[in-house]
>>> print(open('protein-v2.pdb').read())   # PDB, C-alpha atoms, pLDDT in the B column
ATOM      1  CA  MET A 731     111.747  94.503 118.191  1.00 45.00           C
ATOM      2  CA  ARG A 732     113.221  91.111 117.570  1.00 52.00           C
ATOM      3  CA  MET A 733     110.541  89.043 115.906  1.00 53.00           C
ATOM      4  CA  ASP A 734     112.136  85.829 117.185  1.00 49.00           C
ATOM      5  CA  SER A 735     111.784  86.767 120.863  1.00 74.00           C
ATOM      6  CA  ASN A 736     108.825  84.392 121.127  1.00 88.00           C
ATOM      7  CA  PRO A 737     109.506  80.715 120.272  1.00 92.00           C
ATOM      8  CA  LYS A 738     105.977  80.177 118.914  1.00 93.00           C
ATOM      9  CA  LEU A 739     106.194  83.278 116.726  1.00 91.00           C
ATOM     10  CA  ASP A 740     109.654  82.275 115.540  1.00 92.00           C
ATOM     11  CA  GLN A 741     108.340  78.845 114.543  1.00 94.00           C
ATOM     12  CA  TRP A 742     105.372  80.419 112.746  1.00 94.00           C
ATOM     13  CA  ILE A 743     107.763  82.675 110.813  1.00 95.00           C
ATOM     14  CA  ARG A 744     109.899  79.686 109.801  1.00 95.00           C
ATOM     15  CA  ASP A 745     106.817  77.697 108.765  1.00 97.00           C
ATOM     16  CA  LYS A 746     105.341  80.553 106.721  1.00 97.00           C
ATOM     17  CA  GLY A 747     108.740  81.227 105.188  1.00 96.00           C
ATOM     18  CA  ALA A 748     108.958  77.625 103.999  1.00 96.00           C
ATOM     19  CA  GLU A 749     105.411  77.867 102.586  1.00 97.00           C
ATOM     20  CA  LEU A 750     106.339  81.078 100.764  1.00 96.00           C
ATOM     21  CA  GLU A 751     109.446  79.491  99.259  1.00 96.00           C
ATOM     22  CA  ALA A 752     107.400  76.483  98.114  1.00 97.00           C
ATOM     23  CA  ALA A 753     104.758  78.749  96.567  1.00 97.00           C
ATOM     24  CA  PHE A 754     107.394  80.648  94.598  1.00 96.00           C
ATOM     25  CA  ARG A 755     108.942  77.374  93.383  1.00 95.00           C
ATOM     26  CA  GLU A 756     105.537  75.984  92.384  1.00 96.00           C
ATOM     27  CA  ALA A 757     104.801  79.205  90.491  1.00 97.00           C
ATOM     28  CA  GLY A 758     108.031  78.763  88.530  1.00 96.00           C
ATOM     29  CA  SER A 759     109.840  81.655  90.217  1.00 95.00           C
ATOM     30  CA  PRO A 760     112.092  80.232  92.915  1.00 94.00           C
ATOM     31  CA  LEU A 761     113.761  82.690  95.240  1.00 93.00           C
ATOM     32  CA  ARG A 762     117.409  83.502  94.675  1.00 93.00           C
ATOM     33  CA  PRO A 763     119.694  81.362  96.876  1.00 88.00           C
ATOM     34  CA  GLU A 764     120.650  84.319  99.085  1.00 92.00           C
ATOM     35  CA  LEU A 765     116.989  85.158  99.772  1.00 94.00           C
ATOM     36  CA  THR A 766     114.843  82.982 102.034  1.00 95.00           C
ATOM     37  CA  GLY A 767     111.128  82.897 102.664  1.00 96.00           C
ATOM     38  CA  GLU A 768     111.836  83.243 106.371  1.00 95.00           C
ATOM     39  CA  PHE A 769     113.750  86.472 105.731  1.00 96.00           C
ATOM     40  CA  LEU A 770     110.878  87.853 103.614  1.00 96.00           C
ATOM     41  CA  VAL A 771     108.271  87.032 106.259  1.00 96.00           C
ATOM     42  CA  ARG A 772     110.379  88.361 109.129  1.00 94.00           C
ATOM     43  CA  SER A 773     111.310  91.598 107.354  1.00 95.00           C
ATOM     44  CA  THR A 774     107.714  92.195 106.259  1.00 95.00           C
ATOM     45  CA  LEU A 775     106.470  91.775 109.824  1.00 94.00           C
ATOM     46  CA  GLU A 776     109.167  94.083 111.148  1.00 94.00           C
ATOM     47  CA  GLU A 777     108.364  96.777 108.564  1.00 94.00           C
ATOM     48  CA  ASN A 778     104.646  96.482 109.322  1.00 91.00           C
ATOM     49  CA  GLU A 779     105.344  96.810 113.024  1.00 92.00           C
ATOM     50  CA  LYS A 780     107.306 100.020 112.390  1.00 94.00           C
ATOM     51  CA  TRP A 781     104.519 101.404 110.214  1.00 90.00           C
ATOM     52  CA  PHE A 782     101.776 100.600 112.747  1.00 89.00           C
ATOM     53  CA  LYS A 783     103.768 102.440 115.431  1.00 94.00           C
ATOM     54  CA  SER A 784     104.136 105.525 113.229  1.00 95.00           C
ATOM     55  CA  PRO A 785     101.669 108.435 113.510  1.00 95.00           C
ATOM     56  CA  GLU A 786     100.166 107.501 110.119  1.00 90.00           C
ATOM     57  CA  GLY A 787      99.890 103.864 111.144  1.00 90.00           C
ATOM     58  CA  GLN A 788      98.290 104.777 114.457  1.00 93.00           C
ATOM     59  CA  ALA A 789      95.695 106.957 112.704  1.00 92.00           C
ATOM     60  CA  ARG A 790      94.989 104.280 110.086  1.00 89.00           C
ATOM     61  CA  SER A 791      94.655 101.590 112.772  1.00 91.00           C
ATOM     62  CA  LYS A 792      92.197 103.740 114.694  1.00 94.00           C
ATOM     63  CA  ARG A 793      90.153 104.250 111.533  1.00 93.00           C
ATOM     64  CA  MET A 794      90.173 100.488 110.815  1.00 93.00           C
ATOM     65  CA  ILE A 795      88.670  99.810 114.241  1.00 95.00           C
ATOM     66  CA  GLU A 796      86.074 102.531 113.676  1.00 96.00           C
ATOM     67  CA  ILE A 797      85.122 100.966 110.331  1.00 96.00           C
ATOM     68  CA  ALA A 798      84.732  97.525 111.903  1.00 96.00           C
ATOM     69  CA  ASN A 799      82.466  98.992 114.582  1.00 96.00           C
ATOM     70  CA  GLU A 800      80.475 101.042 112.051  1.00 96.00           C
ATOM     71  CA  VAL A 801      79.826  98.001 109.864  1.00 96.00           C
ATOM     72  CA  ALA A 802      78.773  95.970 112.899  1.00 96.00           C
ATOM     73  CA  ALA A 803      76.323  98.716 113.864  1.00 97.00           C
ATOM     74  CA  GLU A 804      74.849  98.725 110.351  1.00 96.00           C
ATOM     75  CA  LEU A 805      74.065  95.000 110.345  1.00 95.00           C
ATOM     76  CA  LEU A 806      71.435  93.155 112.332  1.00 95.00           C
ATOM     77  CA  GLY A 807      73.492  90.792 114.466  1.00 94.00           C
ATOM     78  CA  GLY A 808      76.611  92.938 114.224  1.00 94.00           C
ATOM     79  CA  HIS A 809      79.860  90.971 114.041  1.00 94.00           C
ATOM     80  CA  GLU A 810      77.895  87.717 113.769  1.00 96.00           C
ATOM     81  CA  HIS A 811      76.049  88.741 110.585  1.00 96.00           C
ATOM     82  CA  PRO A 812      77.149  86.561 107.634  1.00 96.00           C
ATOM     83  CA  ASP A 813      77.926  89.637 105.512  1.00 96.00           C
ATOM     84  CA  TYR A 814      80.085  91.273 108.183  1.00 96.00           C
ATOM     85  CA  PRO A 815      83.489  90.009 106.946  1.00 96.00           C
ATOM     86  CA  SER A 816      82.909  90.931 103.303  1.00 96.00           C
ATOM     87  CA  ARG A 817      81.445  94.340 104.185  1.00 96.00           C
ATOM     88  CA  VAL A 818      84.383  95.151 106.466  1.00 96.00           C
ATOM     89  CA  LEU A 819      86.878  94.088 103.802  1.00 96.00           C
ATOM     90  CA  ALA A 820      85.136  96.225 101.178  1.00 95.00           C
ATOM     91  CA  ARG A 821      85.238  99.276 103.447  1.00 94.00           C
ATOM     92  CA  LEU A 822      88.880  98.636 104.359  1.00 93.00           C
ATOM     93  CA  GLU A 823      89.767  98.417 100.668  1.00 93.00           C
ATOM     94  CA  GLN A 824      88.208 101.848 100.216  1.00 90.00           C
ATOM     95  CA  LEU A 825      90.276 103.160 103.118  1.00 85.00           C
ATOM     96  CA  PHE A 826      93.543 101.798 101.770  1.00 84.00           C
ATOM     97  CA  ASN A 827      92.812 102.935  98.217  1.00 87.00           C
ATOM     98  CA  GLU A 828      92.085 106.541  99.200  1.00 79.00           C
ATOM     99  CA  GLY A 829      94.602 108.798  97.544  1.00 62.00           C
ATOM    100  CA  ARG A 830      95.903 106.178  95.120  1.00 69.00           C
ATOM    101  CA  ASP A 831      95.357 107.375  91.558  1.00 61.00           C
ATOM    102  CA  GLY A 832      92.002 108.833  92.556  1.00 52.00           C
ATOM    103  CA  ALA A 833      90.654 105.459  93.681  1.00 47.00           C
ATOM    104  CA  GLY A 834      88.337 105.681  96.645  1.00 44.00           C
ATOM    105  CA  ALA A 835      87.570 109.300  95.979  1.00 45.00           C
ATOM    106  CA  SER A 836      83.965 110.240  95.461  1.00 44.00           C
ATOM    107  CA  ALA A 837      82.954 111.834  92.170  1.00 39.00           C
TER     108      ALA A 837
END
>>> encode(input="protein-v2.pdb", output="structure tokens")
Amino acid sequence: MRMDSNPKLDQWIRDKGAELEAAFREAGSPLRPELTGEFLVRSTLEENEKWFKSPEGQARSKRMIEIANEVAAELLGGHEHPDYPSRVLARLEQLFNEGRDGAGASA
């Protein structure tokens, strides 16, 4: 998929690319001249799109939705509960850390 097929998305990519370049400069690590922030943002989005369309990505996406729904069911007020975002993020971190150096595994 061409990420620039939508003018609004293309502008967002350019804007975020410029922000990324500025952040690297401010951190004292400017990007090499042949590498742009726009390229980094665009290529990251394209790689993520490929991954999410893969069987592993599809399974992980399904599990992410299940986690969001499970957390909502656990909290009075569901998605509107003030702790919902932090609880979902904590559970998603567990999901993404499973299998990495034993992290996320139960003892």
>>> atom_distance(input="protein-v2.pdb", atom1="atom CA of A:Ser735", atom2="atom CA of A:Gly767")
18.6 Å
>>> atom_distance(input="protein-v2.pdb", atom1="atom CA of A:Ile743", atom2="atom CA of A:Leu775")
9.2 Å
>>> residues_around(input="protein-v2.pdb", residues="A:Arg817", least_positions_apart="6", cutoff="12 Å", atoms="all atoms listed in the file", output="mmCIF file with C-alpha atoms, in the coordinates of the input")
data_model
loop_
_atom_site.group_PDB
_atom_site.id
_atom_site.type_symbol
_atom_site.label_atom_id
_atom_site.label_comp_id
_atom_site.auth_asym_id
_atom_site.auth_seq_id
_atom_site.Cartn_x
_atom_site.Cartn_y
_atom_site.Cartn_z
ATOM 1 C CA ILE A 797 85.122 100.966 110.331
ATOM 2 C CA ALA A 798 84.732 97.525 111.903
ATOM 3 C CA ASN A 799 82.466 98.992 114.582
ATOM 4 C CA GLU A 800 80.475 101.042 112.051
ATOM 5 C CA VAL A 801 79.826 98.001 109.864
ATOM 6 C CA ALA A 802 78.773 95.970 112.899
ATOM 7 C CA ALA A 803 76.323 98.716 113.864
ATOM 8 C CA GLU A 804 74.849 98.725 110.351
ATOM 9 C CA LEU A 805 74.065 95.000 110.345
ATOM 10 C CA GLY A 808 76.611 92.938 114.224
ATOM 11 C CA HIS A 809 79.860 90.971 114.041
ATOM 12 C CA HIS A 811 76.049 88.741 110.585
ATOM 13 C CA GLU A 823 89.767 98.417 100.668
ATOM 14 C CA GLN A 824 88.208 101.848 100.216
#
>>> atom_distance(input="protein-v2.pdb", atom1="atom CA of A:Ser791", atom2="atom CA of A:Phe769")
25.4 Å
>>> closest_residue(input="protein-v2.pdb", among="A:Lys792, A:Arg772, A:Lys783, A:Glu777", to="A:Leu739", atoms="only C-alpha atoms")
A:Arg772
>>> residues_near_point(input="protein-v2.pdb", point="(112.8, 82.0, 107.0)", cutoff="10 Å", atoms="only C-alpha atoms", output="list of chain:residue names")
A:Asp740, A:Gln741, A:Trp742, A:Ile743, A:Arg744, A:Asp745, A:Lys746, A:Gly747, A:Ala748, A:Glu749, A:Leu750, A:Glu751, A:Leu765, A:Thr766, A:Gly767, A:Glu768, A:Phe769, A:Leu770, A:Val771, A:Arg772, A:Ser773
>>> closest_residue(input="protein-v2.pdb", among="A:Phe754, A:Ser784, A:Val818, A:Ser759", to="A:Glu796", atoms="all atoms listed in the file")
A:Val818
>>> axis_aligned_box(input="protein-v2.pdb", around="stretch 794-806 of chain A", padding_each_side="6 Å", output="JSON")
{"center_x": 80.8, "center_y": 97.8, "center_z": 112.2, "size_x": 30.7, "size_y": 21.4, "size_z": 16.7}
